[in-house]
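K.L.:
Dropping in coords.txt, which is compact mmCIF, C-alpha atoms:
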```txt
# COMPACT_ATOMS: atom_id res chain seq x y z
CA MET A 266 0.00 0.00 0.00
CA LYS A 267 1.10 3.54 -0.73
CA ILE A 268 0.15 6.20 1.83
CA ALA A 269 0.67 9.96 1.56
CA ILE A 270 0.30 12.05 4.71
CA VAL A 271 -0.04 15.82 4.50
CA GLY A 272 1.26 17.42 7.70
CA ALA A 273 4.18 16.43 9.95
CA GLY A 274 2.61 17.42 13.25
CA PRO A 275 2.18 14.87 16.05
CA SER A 276 -0.74 13.03 14.43
CA GLY A 277 0.80 12.77 10.96
CA LEU A 278 4.20 11.63 12.18
CA TYR A 279 2.75 9.19 14.69
CA LEU A 280 0.52 7.62 12.06
CA ALA A 281 3.51 7.22 9.76
CA ILE A 282 5.55 5.55 12.52
CA LEU A 283 2.83 3.08 13.50
CA VAL A 284 2.05 2.06 9.92
CA LYS A 285 5.67 1.76 8.76
CA ARG A 286 6.78 -0.29 11.77
CA ARG A 287 3.98 -2.77 11.29
CA CYS A 288 4.12 -2.89 7.50
CA PRO A 289 7.73 -1.90 6.68
CA HIS A 290 7.41 -2.75 2.98
CA TRP A 291 4.61 -0.20 2.47
CA GLN A 292 5.50 3.21 1.07
CA VAL A 293 4.69 5.88 3.67
CA SER A 294 5.49 9.51 2.80
CA VAL A 295 4.89 12.70 4.78
CA VAL A 296 4.77 16.17 3.21
CA GLU A 297 5.26 19.13 5.56
CA GLN A 298 5.22 22.84 4.70
CA ASN A 299 7.57 23.87 7.54
CA ALA A 300 11.22 23.07 8.16
CA ALA A 301 12.09 20.25 10.56
CA ASP A 302 13.15 22.70 13.30
CA SER A 303 10.15 25.02 12.94
CA THR A 304 7.37 24.97 15.47
CA PHE A 305 4.73 27.37 16.72
CA GLY A 306 3.65 27.27 20.30
CA PHE A 307 5.50 26.11 23.37
CA GLY A 308 4.59 23.06 25.46
CA VAL A 309 1.76 20.57 24.98
CA VAL A 310 0.00 18.49 27.64
CA LEU A 311 -0.27 14.70 27.57
CA ALA A 312 -2.48 13.36 30.36
CA ASP A 313 -1.86 9.99 31.98
CA THR A 314 -4.78 8.27 30.23
CA GLY A 315 -3.44 9.38 26.86
CA LEU A 316 0.10 8.31 27.76
CA SER A 317 -1.07 4.79 28.59
CA ARG A 318 -2.50 4.43 25.08
CA LEU A 319 0.70 5.76 23.53
CA LYS A 320 2.69 3.21 25.52
CA ALA A 321 0.47 0.39 24.31
CA ALA A 322 0.74 1.54 20.69
CA ASP A 323 4.52 2.00 20.55
CA GLU A 324 6.56 1.67 23.74
CA ALA A 325 9.86 2.87 22.27
CA THR A 326 8.38 6.19 21.16
CA TYR A 327 6.55 6.49 24.48
CA ASP A 328 9.80 6.05 26.40
CA ALA A 329 11.51 8.73 24.31
CA MET A 330 8.67 11.18 24.94
CA VAL A 331 8.45 10.53 28.67
CA GLY A 332 12.17 11.14 29.00
CA LYS A 333 11.60 14.75 27.88
CA MET A 334 8.42 15.46 29.83
CA THR A 335 7.80 17.53 32.95
CA PHE A 336 5.25 16.03 35.33
CA THR A 337 3.09 17.78 37.91
CA THR A 338 0.72 16.37 40.51
CA HIS A 339 -1.34 19.47 41.37
CA GLN A 340 -3.25 22.20 39.64
CA ILE A 341 -3.91 25.56 41.30
CA ILE A 342 -7.25 27.18 40.44
CA THR A 343 -7.65 30.80 41.51
CA THR A 344 -10.82 32.86 41.45
CA LYS A 345 -11.74 35.85 43.60
CA GLU A 346 -8.02 35.92 44.46
CA THR A 347 -8.37 32.64 46.34
CA PRO A 348 -5.96 29.92 45.15
CA ILE A 349 -7.09 26.36 45.75
CA ALA A 350 -4.80 23.38 45.12
CA VAL A 351 -6.40 20.43 43.36
CA LYS A 352 -4.37 17.23 43.54
CA ARG A 353 -4.65 15.25 40.36
CA PRO A 354 -5.67 11.60 40.55
CA ASN A 355 -3.27 8.90 39.38
CA ALA A 356 0.05 10.06 37.90
CA GLY A 357 -1.42 13.32 36.65
CA GLY A 358 0.27 13.41 33.27
CA GLY A 359 2.69 16.07 32.15
CA ALA A 360 3.85 18.40 29.42
CA ILE A 361 6.55 18.36 26.75
CA ALA A 362 8.02 21.09 24.59
CA ARG A 363 6.31 20.85 21.23
CA ILE A 364 9.65 20.98 19.42
CA ASP A 365 10.93 18.10 21.58
CA LEU A 366 7.83 16.07 20.80
CA LEU A 367 8.28 16.71 17.09
CA HIS A 368 11.96 15.75 17.22
CA VAL A 369 11.15 12.50 19.02
CA LEU A 370 8.56 11.64 16.39
CA GLN A 371 10.77 12.75 13.49
CA ASP A 372 13.63 10.55 14.70
CA ALA A 373 11.32 7.57 15.17
CA ALA A 374 9.79 8.06 11.73
CA LYS A 375 13.18 8.23 10.05
CA ASP A 376 14.35 5.12 11.92
CA ALA A 377 11.25 3.32 10.67
CA GLY A 378 12.01 4.30 7.07
CA VAL A 379 9.32 6.94 6.58
CA ASP A 380 9.96 9.38 3.72
CA ILE A 381 9.55 12.91 5.17
CA ARG A 382 9.70 15.98 2.91
CA PHE A 383 10.04 19.20 4.88
CA GLY A 384 9.66 22.74 3.53
CA THR A 385 7.12 21.57 0.97
CA ARG A 386 3.89 23.54 0.74
CA ILE A 387 0.97 22.34 -1.31
CA GLN A 388 -2.18 24.29 -2.12
CA HIS A 389 -4.27 21.29 -3.16
CA PRO A 390 -3.91 17.50 -2.92
CA ASN A 391 -3.36 17.47 -6.69
CA ASP A 392 0.00 19.13 -5.98
CA LEU A 393 1.20 15.79 -4.61
CA ARG A 394 1.76 14.86 -8.24
CA GLN A 395 5.11 16.65 -8.23
CA PHE A 396 6.36 14.17 -5.60
CA GLY A 397 4.90 11.10 -7.26
CA LEU A 398 2.31 10.76 -4.52
CA ASP A 399 -0.87 11.63 -6.40
CA ASP A 400 -1.56 7.92 -6.99
CA ALA A 401 -1.40 7.02 -3.29
CA ASP A 402 -3.96 4.46 -2.13
CA VAL A 403 -4.71 6.63 0.91
CA ILE A 404 -4.14 10.38 1.33
CA VAL A 405 -4.32 11.62 4.92
CA GLY A 406 -5.09 15.19 5.91
CA ALA A 407 -3.13 15.64 9.14
CA ASP A 408 -2.54 19.31 8.42
CA GLY A 409 -4.46 20.99 11.21
CA ILE A 410 -7.22 23.55 11.40
CA ASN A 411 -6.23 25.14 8.07
CA SER A 412 -6.09 21.78 6.28
CA VAL A 413 -5.64 21.99 2.51
CA VAL A 414 -6.89 18.41 2.18
CA ARG A 415 -10.15 19.28 3.89
CA SER A 416 -10.49 22.59 2.05
CA ALA A 417 -10.26 20.84 -1.31
CA TYR A 418 -13.24 18.59 -0.55
CA GLU A 419 -15.33 20.47 1.98
CA SER A 420 -18.65 19.59 0.40
CA GLU A 421 -17.73 15.90 0.40
CA PHE A 422 -16.59 15.99 4.02
CA GLY A 423 -19.58 18.10 5.05
CA THR A 424 -17.47 20.77 6.71
CA THR A 425 -19.02 23.34 9.03
CA ARG A 426 -17.38 26.25 10.85
CA GLU A 427 -18.14 28.44 13.83
CA SER A 428 -16.04 31.01 15.67
CA LEU A 429 -16.27 31.37 19.43
CA THR A 430 -16.40 34.83 20.99
CA ASN A 431 -13.59 34.66 23.58
CA HIS A 432 -10.18 35.97 22.48
CA PHE A 433 -6.94 34.13 23.23
CA ALA A 434 -3.24 33.88 22.38
CA TRP A 435 -0.52 31.36 23.24
CA PHE A 436 2.64 32.66 24.89
CA GLY A 437 5.63 31.25 26.68
CA VAL A 438 7.35 32.29 29.90
CA GLY A 439 11.05 31.92 30.64
CA LYS A 440 10.43 30.32 34.03
CA ALA A 441 9.10 27.01 35.18
CA PHE A 442 5.99 27.52 37.26
CA PRO A 443 5.92 25.07 40.19
CA THR A 444 2.70 23.52 38.93
CA ALA A 445 -0.05 23.91 36.39
CA ALA A 446 -2.59 26.63 37.17
CA LEU A 447 -5.70 28.46 36.05
CA VAL A 448 -6.22 32.04 37.18
CA PHE A 449 -9.59 33.76 36.66
CA ARG A 450 -9.21 37.45 37.46
CA GLU A 451 -11.47 40.50 37.32
CA TYR A 452 -9.57 43.61 36.25
CA GLU A 453 -11.05 47.00 35.36
CA GLY A 454 -14.45 45.37 34.99
CA GLY A 455 -13.15 42.69 32.63
CA ALA A 456 -12.84 38.90 32.89
CA PHE A 457 -9.30 37.64 32.27
CA ILE A 458 -8.00 34.06 32.27
CA ALA A 459 -4.48 32.65 32.42
CA HIS A 460 -3.86 28.95 31.72
CA TYR A 461 -0.26 28.02 32.39
CA TYR A 462 1.92 24.98 33.04
CA PRO A 463 5.63 24.08 33.05
CA TYR A 464 7.01 21.97 30.22
CA GLY A 465 10.71 22.06 31.04
CA PRO A 466 13.20 23.04 33.73
CA SER A 467 13.00 26.74 32.82
CA ASN A 468 10.00 27.18 30.53
CA SER A 469 6.21 27.28 30.71
CA THR A 470 3.27 27.68 28.38
CA PHE A 471 0.98 30.63 29.14
CA VAL A 472 -2.39 30.91 27.39
CA ALA A 473 -3.93 34.38 27.76
CA GLU A 474 -7.69 34.71 27.33
CA CYS A 475 -10.53 37.16 27.90
CA ASP A 476 -14.18 37.26 26.99
CA ASP A 477 -15.46 39.42 24.14
CA ALA A 478 -17.12 41.94 26.48
CA THR A 479 -13.72 42.61 28.06
CA TRP A 480 -12.07 42.85 24.64
CA GLN A 481 -14.58 45.48 23.57
CA ARG A 482 -14.74 47.38 26.88
CA LEU A 483 -10.98 47.88 27.11
CA GLY A 484 -10.54 48.69 23.43
CA MET A 485 -8.29 45.72 22.76
CA GLU A 486 -9.30 45.59 19.10
CA GLN A 487 -7.52 48.92 18.59
CA MET A 488 -4.44 47.89 20.59
CA SER A 489 -1.28 46.61 18.98
CA ALA A 490 -0.08 43.09 19.76
CA VAL A 491 2.59 44.61 22.02
CA GLN A 492 -0.02 46.59 23.94
CA ARG A 493 -2.23 43.54 24.44
CA GLN A 494 0.72 41.56 25.70
CA ALA A 495 1.65 44.35 28.09
CA LEU A 496 -1.92 44.45 29.41
CA PHE A 497 -1.87 40.75 30.24
CA GLU A 498 1.56 41.09 31.83
CA LYS A 499 0.05 43.77 34.09
CA VAL A 500 -3.07 41.76 34.92
CA PHE A 501 -1.05 38.65 35.80
CA ALA A 502 1.98 40.38 37.27
CA PRO A 503 1.62 38.49 40.60
CA GLU A 504 1.99 35.17 38.80
CA LEU A 505 4.67 36.24 36.32
CA GLY A 506 6.88 37.61 39.08
CA GLY A 507 8.75 40.06 36.87
CA HIS A 508 8.98 37.77 33.84
CA THR A 509 7.59 38.88 30.50
CA LEU A 510 5.51 36.84 28.10
CA ILE A 511 7.39 35.36 25.14
CA SER A 512 5.74 35.57 21.73
CA ASN A 513 6.16 32.95 19.00
CA ASN A 514 3.59 33.61 16.30
CA SER A 515 1.31 34.44 19.25
CA ALA A 516 -1.58 35.80 17.23
CA TRP A 517 -4.81 36.78 18.99
CA ARG A 518 -7.67 34.64 17.74
CA GLN A 519 -11.21 33.53 18.38
CA PHE A 520 -11.29 29.75 18.42
CA PRO A 521 -12.48 28.17 15.14
CA VAL A 522 -14.83 25.26 15.69
CA ILE A 523 -14.33 22.86 12.77
CA ARG A 524 -16.63 19.88 12.31
CA ASN A 525 -17.03 17.38 9.47
CA ALA A 526 -20.05 15.18 8.87
CA HIS A 527 -17.81 12.60 7.19
CA TRP A 528 -14.25 11.63 8.07
CA THR A 529 -13.51 10.20 4.64
CA SER A 530 -14.12 11.05 1.01
CA GLY A 531 -12.96 8.30 -1.30
CA ARG A 532 -9.27 7.71 -0.57
CA PHE A 533 -8.99 10.93 1.45
CA VAL A 534 -9.24 10.83 5.25
CA LEU A 535 -8.91 13.48 7.97
CA ILE A 536 -7.40 13.16 11.45
CA GLY A 537 -6.64 15.53 14.33
CA ASP A 538 -7.62 19.18 14.04
CA ALA A 539 -8.14 18.79 10.31
CA GLU A 540 -11.13 16.61 11.15
CA THR A 541 -12.35 18.22 14.38
CA SER A 542 -10.81 21.09 16.29
CA ALA A 543 -10.57 20.25 20.01
CA HIS A 544 -10.75 23.29 22.28
CA PHE A 545 -7.66 23.89 24.42
CA SER A 546 -9.74 24.16 27.61
CA ILE A 547 -9.91 20.36 27.86
CA GLY A 548 -6.14 20.07 27.39
CA SER A 549 -6.43 17.06 25.08
CA GLY A 550 -5.95 18.29 21.52
CA THR A 551 -2.63 16.53 20.94
CA ARG A 552 -3.84 13.40 22.70
CA ILE A 553 -7.01 13.24 20.60
CA ALA A 554 -5.03 13.74 17.38
CA MET A 555 -2.54 10.99 18.29
CA ASP A 556 -5.40 8.68 19.27
CA ASP A 557 -6.83 9.30 15.79
CA ALA A 558 -3.48 8.19 14.40
CA ILE A 559 -3.55 5.00 16.47
CA ALA A 560 -7.07 4.14 15.30
CA LEU A 561 -6.29 4.86 11.64
CA ALA A 562 -3.06 2.83 11.77
CA ASP A 563 -4.97 -0.09 13.30
CA ALA A 564 -7.59 0.06 10.56
CA LEU A 565 -5.05 0.31 7.74
CA VAL A 566 -2.70 -2.49 8.79
CA ALA A 567 -5.17 -4.96 10.31
CA ASP A 568 -5.50 -6.94 7.06
CA GLY A 569 -1.91 -6.45 5.92
CA ASP A 570 -1.57 -7.10 2.20
CA ASP A 571 -4.88 -8.95 1.85
CA PRO A 572 -6.11 -7.87 -1.62
CA GLY A 573 -9.67 -8.39 -0.49
CA ALA A 574 -9.40 -5.55 2.03
CA ALA A 575 -9.54 -2.50 -0.21
CA PRO A 576 -8.21 0.82 1.11
CA LEU A 577 -11.71 2.33 1.16
CA GLU A 578 -12.97 -0.53 3.34
CA ARG A 579 -10.11 0.08 5.77
CA LEU A 580 -10.94 3.78 5.95
CA ALA A 581 -14.60 3.01 6.57
CA ARG A 582 -13.53 0.71 9.41
CA PHE A 583 -11.49 3.54 10.93
CA ALA A 584 -14.37 6.01 10.83
CA LYS A 585 -16.73 3.51 12.43
CA ALA A 586 -14.31 2.39 15.14
CA ARG A 587 -13.06 5.83 16.11
CA GLY A 588 -16.18 7.89 15.59
CA GLN A 589 -18.15 6.98 18.68
CA GLU A 590 -15.27 7.39 21.13
CA LYS A 591 -14.10 10.65 19.63
CA SER A 592 -17.60 12.10 19.54
CA LYS A 593 -17.72 11.79 23.35
CA LEU A 594 -14.47 13.74 23.70
CA ILE A 595 -15.59 16.39 21.25
CA GLY A 596 -18.93 16.63 23.03
CA ALA A 597 -17.02 17.31 26.25
CA SER A 598 -14.92 19.89 24.42
CA GLU A 599 -18.06 21.68 23.24
CA LYS A 600 -19.58 21.83 26.72
CA SER A 601 -16.27 23.13 28.03
CA TYR A 602 -15.93 25.99 25.56
CA ARG A 603 -19.59 26.93 25.92
CA TRP A 604 -18.97 27.21 29.67
CA TYR A 605 -15.96 29.44 29.06
CA GLU A 606 -18.03 31.71 26.81
CA ASP A 607 -19.98 32.71 29.95
CA ILE A 608 -16.94 32.93 32.18
CA ALA A 609 -17.65 36.43 33.53
CA LYS A 610 -21.00 35.24 34.89
CA TRP A 611 -19.47 32.24 36.67
CA MET A 612 -16.66 34.38 38.13
CA ARG A 613 -19.20 36.79 39.64
CA GLN A 614 -21.73 34.23 40.75
CA PHE A 615 -19.80 31.49 42.51
CA SER A 616 -17.66 31.27 45.61
CA PRO A 617 -14.12 29.93 44.91
CA LEU A 618 -15.04 26.37 45.93
CA GLU A 619 -18.33 26.32 44.04
CA PHE A 620 -16.56 27.80 41.04
CA ILE A 621 -14.17 24.84 41.09
CA TYR A 622 -17.12 22.46 41.40
CA ALA A 623 -18.76 24.06 38.35
CA PHE A 624 -15.45 23.99 36.49
CA MET A 625 -14.76 20.32 37.25
CA THR A 626 -18.26 19.18 36.24
CA ARG A 627 -18.73 21.51 33.25
CA THR A 628 -18.33 18.83 30.56
CA GLY A 629 -20.89 16.43 32.02
CA ARG A 630 -18.29 13.64 32.08
CA VAL A 631 -17.58 13.99 35.81
CA SER A 632 -20.45 13.02 38.08
CA ASP A 633 -20.57 13.87 41.78
CA GLU A 634 -19.57 10.27 42.54
CA ARG A 635 -16.62 10.36 40.16
CA LEU A 636 -15.54 13.73 41.50
CA ALA A 637 -15.62 12.44 45.08
CA ALA A 638 -13.63 9.34 44.16
CA ALA A 639 -10.94 11.29 42.30
CA TYR A 640 -10.77 14.39 44.52
CA PRO A 641 -11.97 13.40 48.01
CA GLU A 642 -10.32 16.30 49.85
CA LEU A 643 -11.73 18.87 47.42
CA VAL A 644 -15.23 17.42 47.76
CA ARG A 645 -14.95 17.51 51.55
CA GLN A 646 -14.14 21.22 51.37
CA ILE A 647 -17.07 21.89 49.03
CA GLU A 648 -19.49 19.97 51.21
CA ALA A 649 -18.26 21.76 54.32
CA GLU A 650 -18.97 25.11 52.68
CA ARG A 651 -22.40 23.97 51.55
CA SER A 652 -23.27 22.78 55.04
CA GLN A 653 -22.75 26.34 56.23
CA GLY A 654 -25.38 27.52 53.76
CA THR A 655 -22.99 29.77 51.82
CA SER A 656 -23.67 28.28 48.40
CA SER A 657 -26.23 26.30 46.45
CA LYS A 658 -25.41 23.04 44.70
CA ASP A 659 -28.79 23.02 42.95
CA ALA A 660 -28.15 26.45 41.49
CA ILE A 661 -24.84 25.31 40.07
CA HIS A 662 -26.34 22.18 38.54
CA GLY A 663 -28.88 24.40 36.83
CA GLN A 664 -26.21 26.70 35.40
CA VAL A 665 -23.88 23.98 34.04
CA ALA A 666 -26.51 21.60 32.69
```
Translate the structure described by the file into structure tokens.

P.N.:
Amino acid sequence: MKIAIVGAGPSGLYLAILVKRRCPHWQVSVVEQNAADSTFGFGVVLADTGLSRLKAADEATYDAMVGKMTFTTHQIITTKETPIAVKRPNAGGGAIARIDLLHVLQDAAKDAGVDIRFGTRIQHPNDLRQFGLDDADVIVGADGINSVVRSAYESEFGTTRESLTNHFAWFGVGKAFPTAALVFREYEGGAFIAHYYPYGPSNSTFVAECDDATWQRLGMEQMSAVQRQALFEKVFAPELGGHTLISNNSAWRQFPVIRNAHWTSGRFVLIGDAETSAHFSIGSGTRIAMDDAIALADALVADGDDPGAAPLERLARFAKARGQEKSKLIGASEKSYRWYEDIAKWMRQFSPLEFIYAFMTRTGRVSDERLAAAYPELVRQIEAERSQGTSSKDAIHGQVA
């Protein structure tokens, strides 16, 4: 089988590795518009549940990734200037510099014999002809939110788009925060959010966010990128401790919600953000994309060289097997970003502990029983506050339903 993969991000590279190691005589090629050492962003999170699947899929690559990861056991959530430590269940997962993750995957792909072509931009899948890949049995769009593979066949994939209202940008910080944290802060009548976590001995990712009402009220549309950055450095000065935010293509955006009614169109298939954009508030975008790669690799190689298992049948198997599980994760992502769209209301309405309760249960995937099992000390604190009559559990259930 001949497979062409557009995009050498985590999902594209991981797919190439898994397929080539299990079917080394197949031709697997990856086309990437950026250079091998180019990356945008800083660190990415890989939770413990996702890591266990990566270990099962390819232990050697897992070991290489874990060796470069920074692990934390707590998350600090601050609202109304009250920080509350939430101990993560199990190992807690960790973060890795995106460039380190890419280098691990690039090295593994090369060792497996994958043909990777960096610095090669295509505008349409037909452009694969210049590399002798236009006749590939399977062409994979692993090229992110701005996928050229998806754009070429949007009507066939049934693509829909929506933009959320909150504004955000990804930055770095030249310090390692002691743990991951979320800070929800009111400043000059606006609602500001900082999501940050360490991904190395001296570096952290820092996602800056505010709701649209804040953006409009403070005139941020008219500000330069430097002025917006300076504003967030002022708002979160207590956390930054004199450090400045580091920009790396840190463009301010409103999150694009990409959905596709169909994952495949003939020999074309989408994975990762090209197929469905996962909102950063659930911290699982890279994990979901790499899980897509695992599922697609399983579907492609299951029958080996059996001529009776046509490529299109293998792709249909992938969509069926992966669709139900991924739809649950994406459903959780949607509930999460809808909750964040009303963040100013939750910040005003809830006490710090009830805010955390609403935050932890916002996706509908965490019941009271599951919350108590995973975070017993947190639940004891919440129940103690409720027993004093200072908050209303029923009111919160009504707001997050």

K.L.:
Can you work out the spacing between CA of Gln371 (chain A) and CA of Val271 (chain A) in Å, to one decimal?

P.N.:
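Spanning CA of Gln371 (chain A) to CA of Val271 (chain A) is a straight-line distance of 14.4 Å.
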
K.L.:
Between A:Lys593, A:Lys600, A:Arg415, A:Arg552, which residue has the minimum interatomic distance to Val534 (chain A), considering only C-alpha atoms?

P.N.:
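Once distances to Val534 (chain A) are computed over only C-alpha atoms, the minimum belongs to A:Arg415.
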
K.L.:
Hey, what's within 12 Å of Ile647 (chain A) if we count all atoms listed in the file and toss same-chain stuff fewer than 4 positions away? As JSON, numbers by chain, please?

P.N.:
{"A": [349, 615, 616, 617, 618, 619, 620, 621, 622, 623, 633, 636, 637, 640, 641, 642, 643, 651, 652, 653, 654, 655, 656, 657, 658]}

K.L.:
Looking at only C-alpha atoms, which of A:Trp517, A:Tyr605, A:Phe442, A:Trp528 is the one that sits closest to Gln494 (chain A)?

P.N.:
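For Gln494 (chain A), the nearest of the given residues is A:Trp517.
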
K.L.:
Under the rule that all atoms listed in the file are counted, which of A:Tyr327, A:Tyr279, A:Phe336, A:Tyr418 is the nearest residue to Ala539 (chain A)?

P.N.:
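Using all atoms listed in the file, Ala539 (chain A) sits closest to A:Tyr418.
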
K.L.:
Have a look at A:His368, A:His544, A:Arg579, A:Lys585 and name the one nearest to Arg603 (chain A); count all atoms listed in the file.

P.N.:
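Among the listed residues, the smallest separation from Arg603 (chain A) belongs to A:His544.
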
K.L.:
Find the residues around region 374-386 of chain A up to 10 Å (only C-alpha atoms counted), leave out those fewer than 2 positions away in its own chain, and share them as JSON, numbers by chain.

P.N.:
{"A": [269, 270, 271, 272, 273, 278, 279, 280, 281, 282, 283, 284, 285, 286, 287, 288, 289, 290, 291, 292, 293, 294, 295, 296, 297, 298, 299, 300, 301, 302, 303, 326, 368, 369, 370, 371, 372, 388, 389, 392, 393, 396, 413]}

K.L.:
Counting only C-alpha atoms, which residues sit no farther than 7 Å from the position (-13.2, 7.1, 15.1) in the file's frame? I'd like them as a VMD selection string.

P.N.:
chain A and resid 557 560 583 to 591

K.L.:
Please dump the current selection as a CSV table (one decimal), in the coordinates of the input; keep C-alpha atoms.

P.N.:
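In the end it all went to out_21.csv:
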```
chain,number,residue,atom,x,y,z
A,557,ASP,CA,-6.8,9.3,15.8
A,560,ALA,CA,-7.1,4.1,15.3
A,583,PHE,CA,-11.5,3.5,10.9
A,584,ALA,CA,-14.4,6.0,10.8
A,585,LYS,CA,-16.7,3.5,12.4
A,586,ALA,CA,-14.3,2.4,15.1
A,587,ARG,CA,-13.1,5.8,16.1
A,588,GLY,CA,-16.2,7.9,15.6
A,589,GLN,CA,-18.2,7.0,18.7
A,590,GLU,CA,-15.3,7.4,21.1
A,591,LYS,CA,-14.1,10.6,19.6
```

K.L.:
Smallest atom-to-atom distance to Thr628 (chain A): which of A:Gly596, A:Pro503, A:Gly484, A:Gly573, using all atoms listed in the file?

P.N.:
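Of the candidates, the smallest distance to Thr628 (chain A) is held by A:Gly596.
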
K.L.:
Report as a count of residues only all protein, DNA and RNA residues lying within 12 Å of Ser515 (chain A), evaluated on only C-alpha atoms, omitting residues in the same chain fewer than 3 positions from it.

P.N.:
21
